[in-house]
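Down below is the structure, laid out as structure tokens.
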Amino acid sequence: MKHSNLDDLQLFVALVEAGSFTIAAKKLNMAKSKISRRLVQLEQQLGVELLIRTTRNKQLTESGRLLFCSCKTHIDALSQAQEELSSLLHEPQGKLNILLPLEFFNQVIGTLISDFCLLYPKIQLNCQHYSGAVPEFTPEFDLSFVLHEQDLPPSNWIGKELLSFSQSIYYAALDNNDGNSCLANLLKQKIIKPEHLSGCECILSEPNQPWLFRDKQKVQTVNVKGRVILASPEMRLQASQQGIGLSKLPDYLLHQVQGEKLHKLHLNNPVVAQRLSVLYQSRNIPIKTRTFLDYFQSNIGQLI
């Protein structure tokens, strides 16, 4: 016995449920002749007669009843799945797991997420945060938003860069940096080079982290020393305000500071910008994930 076409099985079940070719033709929006031809093809494929055709009525053969009973449950389940998939396209739903950098535009991101939840009430949003270096990408997250300066390491994930943020080296007033003679000497120079920072006290975001600077088309790496390591950019900002040392900070963070301001150190080579990228596992991402990503990209201008 040859395998039958799924569409032909669906048509056969619909025909039996309709009770006649005329009603089935209206329900399926198909010509009666085409339904009859498809039924003949199905019978030929199976090698059995399914329906006894007379001028007054149509009756199932024993093989026809067996096929109908065997297919009915599966065809109904398939139809239900198709309806659920169709509803997903019109109204996204399901659980969405997102990974975000720690202290990254908390207020703005919080507002964006709240607005998104109001727009799509059937999506259950679970947002987690990471600190420090690039996180480990695990399948539990549908989208991972990553802040980085260098290219991301190779992986099976698909990455898309969204935008970049300028960074600078900041310091507090000299009277708050009495113990930092290196800074005092720096400020006396007409041209300050990145390599001059290697002797100054700095505040790092992770151990043994070099600072990167843009030297035309190349990247200059400077190893700086730091006795304080703070993963939180807001804590690094506060430590710099207290005169603990120089700190590399995204410029947008300083625009949000109230009260005492830090000073920007003017170098002959600028600090490498911080980039925001999003990573996902496949190009064929679910509609709920695509909906959030499209929404985020449409509103990302609020971050700048």
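Note on naming: chains are A, B, ... as they come in the structure tokens, residues start from 1 per chain, ligands start from 1 in the order shown.
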Mind checking DSSP for segment 15-219 of chain A and telling me the alpha helix (DSSP H) residues as an mmCIF file with C-alpha atoms, in the first residue's frame?
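Written file, part-v8.cif:
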```cif
data_model
loop_
_atom_site.group_PDB
_atom_site.id
_atom_site.type_symbol
_atom_site.label_atom_id
_atom_site.label_comp_id
_atom_site.auth_asym_id
_atom_site.auth_seq_id
_atom_site.Cartn_x
_atom_site.Cartn_y
_atom_site.Cartn_z
ATOM 1 C CA LEU A 15 -15.991 15.033 2.890
ATOM 2 C CA VAL A 16 -17.219 12.353 5.277
ATOM 3 C CA GLU A 17 -18.106 14.958 7.932
ATOM 4 C CA ALA A 18 -19.945 17.093 5.367
ATOM 5 C CA PHE A 21 -19.944 16.425 -2.249
ATOM 6 C CA THR A 22 -22.087 19.567 -2.533
ATOM 7 C CA ILE A 23 -21.734 20.587 1.137
ATOM 8 C CA ALA A 24 -18.049 19.657 1.161
ATOM 9 C CA ALA A 25 -17.466 21.757 -1.954
ATOM 10 C CA LYS A 26 -18.977 24.825 -0.258
ATOM 11 C CA LYS A 27 -17.077 24.228 2.983
ATOM 12 C CA LEU A 28 -13.745 23.711 1.237
ATOM 13 C CA LYS A 32 -17.152 19.050 -6.708
ATOM 14 C CA SER A 33 -15.305 17.622 -9.694
ATOM 15 C CA LYS A 34 -11.970 18.343 -8.057
ATOM 16 C CA ILE A 35 -13.057 16.705 -4.790
ATOM 17 C CA SER A 36 -14.218 13.636 -6.717
ATOM 18 C CA ARG A 37 -10.932 13.484 -8.640
ATOM 19 C CA ARG A 38 -8.880 13.771 -5.425
ATOM 20 C CA LEU A 39 -10.932 10.985 -3.822
ATOM 21 C CA VAL A 40 -10.285 8.718 -6.778
ATOM 22 C CA GLN A 41 -6.559 9.448 -6.528
ATOM 23 C CA LEU A 42 -6.604 8.589 -2.809
ATOM 24 C CA GLU A 43 -8.406 5.303 -3.473
ATOM 25 C CA GLN A 44 -5.886 4.444 -6.169
ATOM 26 C CA GLN A 45 -2.976 5.224 -3.835
ATOM 27 C CA LEU A 46 -4.420 3.031 -1.077
ATOM 28 C CA GLU A 62 -15.446 -0.907 5.592
ATOM 29 C CA SER A 63 -12.038 0.371 4.501
ATOM 30 C CA GLY A 64 -13.454 3.899 4.376
ATOM 31 C CA ARG A 65 -14.766 3.664 7.947
ATOM 32 C CA LEU A 66 -11.426 2.304 9.148
ATOM 33 C CA LEU A 67 -9.507 5.100 7.449
ATOM 34 C CA PHE A 68 -11.880 7.785 8.761
ATOM 35 C CA CYS A 69 -11.665 6.539 12.367
ATOM 36 C CA SER A 70 -7.891 6.258 12.162
ATOM 37 C CA CYS A 71 -7.378 9.734 10.663
ATOM 38 C CA LYS A 72 -10.057 11.778 12.424
ATOM 39 C CA THR A 73 -8.207 12.300 15.732
ATOM 40 C CA HIS A 74 -4.919 13.158 14.050
ATOM 41 C CA ILE A 75 -6.505 15.513 11.510
ATOM 42 C CA ASP A 76 -8.338 17.348 14.307
ATOM 43 C CA ALA A 77 -5.095 17.697 16.288
ATOM 44 C CA LEU A 78 -3.315 19.035 13.210
ATOM 45 C CA SER A 79 -6.100 21.554 12.559
ATOM 46 C CA GLN A 80 -5.921 22.745 16.166
ATOM 47 C CA ALA A 81 -2.146 23.181 15.916
ATOM 48 C CA GLN A 82 -2.573 25.187 12.716
ATOM 49 C CA GLU A 83 -5.130 27.432 14.426
ATOM 50 C CA GLU A 84 -2.809 27.997 17.392
ATOM 51 C CA LEU A 85 0.088 28.862 15.089
ATOM 52 C CA SER A 86 -2.136 31.269 13.217
ATOM 53 C CA SER A 87 -3.147 32.969 16.467
ATOM 54 C CA LEU A 88 0.514 33.329 17.401
ATOM 55 C CA LEU A 89 1.109 35.295 14.217
ATOM 56 C CA HIS A 90 -1.701 37.686 15.085
ATOM 57 C CA ASN A 106 17.759 50.773 34.006
ATOM 58 C CA GLN A 107 15.077 53.458 34.027
ATOM 59 C CA VAL A 108 14.712 53.661 30.240
ATOM 60 C CA ILE A 109 14.853 49.881 29.742
ATOM 61 C CA GLY A 110 12.356 49.423 32.572
ATOM 62 C CA THR A 111 9.929 51.796 30.865
ATOM 63 C CA LEU A 112 10.385 50.071 27.482
ATOM 64 C CA ILE A 113 9.722 46.660 29.011
ATOM 65 C CA SER A 114 6.650 47.896 30.887
ATOM 66 C CA ASP A 115 5.217 49.429 27.713
ATOM 67 C CA PHE A 116 5.938 46.207 25.808
ATOM 68 C CA CYS A 117 4.122 44.117 28.426
ATOM 69 C CA LEU A 118 1.063 46.360 28.110
ATOM 70 C CA LEU A 119 1.087 46.012 24.325
ATOM 71 C CA SER A 181 50.745 62.320 41.802
ATOM 72 C CA CYS A 182 50.560 60.650 38.388
ATOM 73 C CA LEU A 183 47.358 62.540 37.608
ATOM 74 C CA ALA A 184 48.902 65.842 38.698
ATOM 75 C CA ASN A 185 51.836 65.257 36.355
ATOM 76 C CA LEU A 186 49.513 64.271 33.511
ATOM 77 C CA LEU A 187 47.542 67.492 33.734
ATOM 78 C CA LYS A 188 50.735 69.532 33.378
#
```
Show me, as JSON, numbers by chain, the residues that have an atom within 12 Å of Glu149 of chain A when counting only C-alpha atoms, minus same-chain residues fewer than 5 positions from it.
{"A": [133, 134, 161, 163, 164, 165, 166, 167, 209, 210, 211, 212, 213, 214, 219, 221, 250, 271, 272, 273, 274, 275, 276, 277]}
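Shortest atom-to-atom contact with Ser247 of chain A among A:Ser168, A:Asn97, A:Ser232, A:Thr289: A:Ser168, counting only C-alpha atoms.
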Which polymer residues have any atom within 10 Å of an atom of Thr61 of chain A, counting only C-alpha atoms, with same-chain residues fewer than 5 positions away left out, as a PDB file with N, CA and C atoms, in the first residue's frame?
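Produced file selection_37.pdb, reproduced below:
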```pdb
ATOM      1  N   VAL A  48      -7.805   0.613  -2.343  1.00  0.00           N
ATOM      2  CA  VAL A  48      -9.102   0.166  -1.817  1.00  0.00           C
ATOM      3  C   VAL A  48     -10.164   1.190  -2.186  1.00  0.00           C
ATOM      4  N   GLU A  49     -11.428   0.741  -2.181  1.00  0.00           N
ATOM      5  CA  GLU A  49     -12.546   1.658  -2.377  1.00  0.00           C
ATOM      6  C   GLU A  49     -12.971   2.210  -1.024  1.00  0.00           C
ATOM      7  N   LEU A  50     -13.101   3.518  -0.943  1.00  0.00           N
ATOM      8  CA  LEU A  50     -13.441   4.164   0.327  1.00  0.00           C
ATOM      9  C   LEU A  50     -14.910   4.561   0.417  1.00  0.00           C
ATOM     10  N   LEU A  51     -15.493   4.894  -0.708  1.00  0.00           N
ATOM     11  CA  LEU A  51     -16.860   5.421  -0.718  1.00  0.00           C
ATOM     12  C   LEU A  51     -17.661   4.759  -1.832  1.00  0.00           C
ATOM     13  N   ILE A  52     -18.850   4.253  -1.471  1.00  0.00           N
ATOM     14  CA  ILE A  52     -19.753   3.693  -2.468  1.00  0.00           C
ATOM     15  C   ILE A  52     -20.621   4.832  -2.986  1.00  0.00           C
ATOM     16  N   LEU A  66     -12.693   2.514   8.433  1.00  0.00           N
ATOM     17  CA  LEU A  66     -11.426   2.304   9.148  1.00  0.00           C
ATOM     18  C   LEU A  66     -10.486   3.486   8.955  1.00  0.00           C
ATOM     19  N   LEU A  67     -10.385   3.959   7.727  1.00  0.00           N
ATOM     20  CA  LEU A  67      -9.507   5.100   7.449  1.00  0.00           C
ATOM     21  C   LEU A  67     -10.000   6.356   8.156  1.00  0.00           C
TER      22      LEU A  67
END
```
Atom CA of Ile169 of chain A to atom CA of Lys248 of chain A, distance in Å rounded to a single decimal
4.5 Å
Determine, counting only C-alpha atoms, which protein, DNA and RNA residues have an atom within 9 Å of an atom of Glu195 of chain A; residues of the same chain fewer than 4 positions away are not included. Present the result as a PyMOL selection string.
chain A and resi 199+220-224
Give me a file of those residues, with C-alpha atoms, as a PDB file, in the first residue's frame.
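Printed below is result_31.pdb as written:
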```pdb
ATOM      1  CA  GLY A 199      51.472  54.611  36.119  1.00  0.00           C
ATOM      2  CA  GLN A 220      46.146  50.629  21.145  1.00  0.00           C
ATOM      3  CA  THR A 221      46.188  48.457  24.268  1.00  0.00           C
ATOM      4  CA  VAL A 222      47.317  49.993  27.558  1.00  0.00           C
ATOM      5  CA  ASN A 223      47.779  47.909  30.700  1.00  0.00           C
ATOM      6  CA  VAL A 224      46.697  49.995  33.663  1.00  0.00           C
TER       7      VAL A 224
END
```
Residues within 7 Å of Trp157 of chain A, please, as a VMD selection string. Count only C-alpha atoms; anything in the same chain fewer than 2 positions from it doesn't count.
chain A and resid 155 159 279 to 281
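Pairwise distance (atom CA of Glu234 of chain A, atom CA of Lys218 of chain A) equals 29.4 Å.
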Would you mind listing what lies within 6 Å of Ala172 of chain A as an MDAnalysis selection string, with only C-alpha atoms counted and same-chain residues fewer than 6 positions away left out?
chainID A and resid 241 243 262
